[in-house]
Amino acid sequence: MASTAGASTPTSKSKTTSANGKAASASATSRAATAAKSTRAKSGGKAAMTDEGATASVTAKSTSRASAQSGAAPDMQESVKELFVAMLKDIYYAEKQILKALPRMAKAARSDELKQAFEQHREETAGQIGRLEQVFAAMGMKPKAEQCEAIEGILEEGKEVMEDFKGKPALDVGLCGAGRAVEHYEIARYSAMKSLAQHLGMKDAAKLIDANLAEEMKTDKLLDQSAQALLLAKDAARA
Ligand code: FE
Ligand code: FE
Ligand code: FE
């Protein structure tokens, strides 16, 4: 990806040239360095180097670092699979935290519709956890949760809204926003995981992830509509 970008923008910044030139000489045995040298030679031996050469030297550096650690360049498919599993454990943890948080949010909500929306999504969340367990099973793994600090922070913010706006007119609108922050985190993770599953040819996993993604998107929309309706109702009450 990086080398493509580098290759497509050969005219970009010459400022980085000398630093990258140094980096290239440091890995003199690599192909990248050879390419960089020949680029330099072509440009009359000056320090001028194209971004293509610079990018290649960076790539060569990171590859040689990875090789030094594992003894061989890691296989891309294996690495993507490892990434998928890491994300699966992360979202599994996140969903379990969300399952605990939703009753809290339902309890805090003043409007019956919003209470119902949170309660309904709690049910869906329980089902989503089940789907994630099916993904683990499909991969021959036991479900394992890995702490996700991002969701903890987002849920913590939700608690702040409940505390800071308790008894205030904007409480429910605030809860919609807090809920949407959770949904957006989930949407970002599930869409990324869906592409990884598709890339890995894991069709069943991709379908299960997509089912969760669809519910998060639906909930996000529902919470947006609830907030709009609450704001309109406040306007009407004021008029
Ligand atoms: Fe969820
Ligand atoms: Fe996370
Ligand atoms: Fe959700």
# chains A, B, ... in the order shown; residues from 1 in each chain; ligands from 1
$ residues_near_ligand --ligand "ligand 2" --cutoff "9 Å" --atoms "only C-alpha atoms and all ligand atoms" --output "number ranges by chain"
A: 87, 89-91, 93-94, 146-152, 185-186, 189
$ write_last_selection --atoms "C-alpha atoms" --output "PDB file, in the first residue's frame"
ATOM      1  CA  MET A  87     -10.331  -7.613  16.975  1.00  0.00           C
ATOM      2  CA  LYS A  89     -11.492 -10.717  21.324  1.00  0.00           C
ATOM      3  CA  ASP A  90     -11.702  -6.934  21.670  1.00  0.00           C
ATOM      4  CA  ILE A  91     -15.285  -6.619  20.428  1.00  0.00           C
ATOM      5  CA  TYR A  93     -15.124  -7.823  25.589  1.00  0.00           C
ATOM      6  CA  ALA A  94     -16.805  -4.608  24.400  1.00  0.00           C
ATOM      7  CA  GLU A 146      -9.465  -9.050  25.682  1.00  0.00           C
ATOM      8  CA  GLN A 147      -9.854  -5.754  27.531  1.00  0.00           C
ATOM      9  CA  CYS A 148     -10.943  -2.855  25.307  1.00  0.00           C
ATOM     10  CA  GLU A 149     -10.086   0.458  26.906  1.00  0.00           C
ATOM     11  CA  ALA A 150     -11.883   2.370  24.159  1.00  0.00           C
ATOM     12  CA  ILE A 151     -15.325   1.007  25.097  1.00  0.00           C
ATOM     13  CA  GLU A 152     -14.581   1.555  28.782  1.00  0.00           C
ATOM     14  CA  TYR A 185     -17.420   2.345  17.877  1.00  0.00           C
ATOM     15  CA  GLU A 186     -19.124  -0.967  17.121  1.00  0.00           C
ATOM     16  CA  ARG A 189     -15.021  -2.368  14.386  1.00  0.00           C
TER      17      ARG A 189
END
$ residues_near_ligand --ligand "ligand 1" --cutoff "12 Å" --atoms "only C-alpha atoms and all ligand atoms" --output "ChimeraX atom specification"
/A:90-102,118,120-132,151,179-190,209-220
$ atom_distance --atom1 "atom CA of Arg104 of chain A" --atom2 "atom CA of Gly153 of chain A"
15.8 Å
$ closest_residue --among "A:Ala197, A:Val173, A:Ala145, A:Phe165" --to "Gln77 of chain A" --atoms "only C-alpha atoms"
A:Ala197
$ closest_residue --among "A:Arg110, A:Glu82, A:Ala117, A:Lys144" --to "ligand 3" --atoms "only C-alpha atoms and all ligand atoms"
A:Ala117
$ closest_residue --among "A:Lys203, A:Lys221, A:Lys168, A:Lys159" --to "ligand 3" --atoms "only C-alpha atoms and all ligand atoms"
A:Lys221
$ atom_distance --atom1 "atom CA of Ala86 of chain A" --atom2 "atom 1 (Fe, counted along the ligand's line) of ligand 3"
19.2 Å
$ atom_distance --atom1 "atom CA of Gly167 of chain A" --atom2 "atom CA of Glu119 of chain A"
20.8 Å
$ residues_around --residues "Val161 of chain A" --least-positions-apart "5" --cutoff "9 Å" --atoms "only C-alpha atoms" --output "list in words"
Glu156, Lys166, Leu171, Gly174, Leu175 and Ala178 of chain A
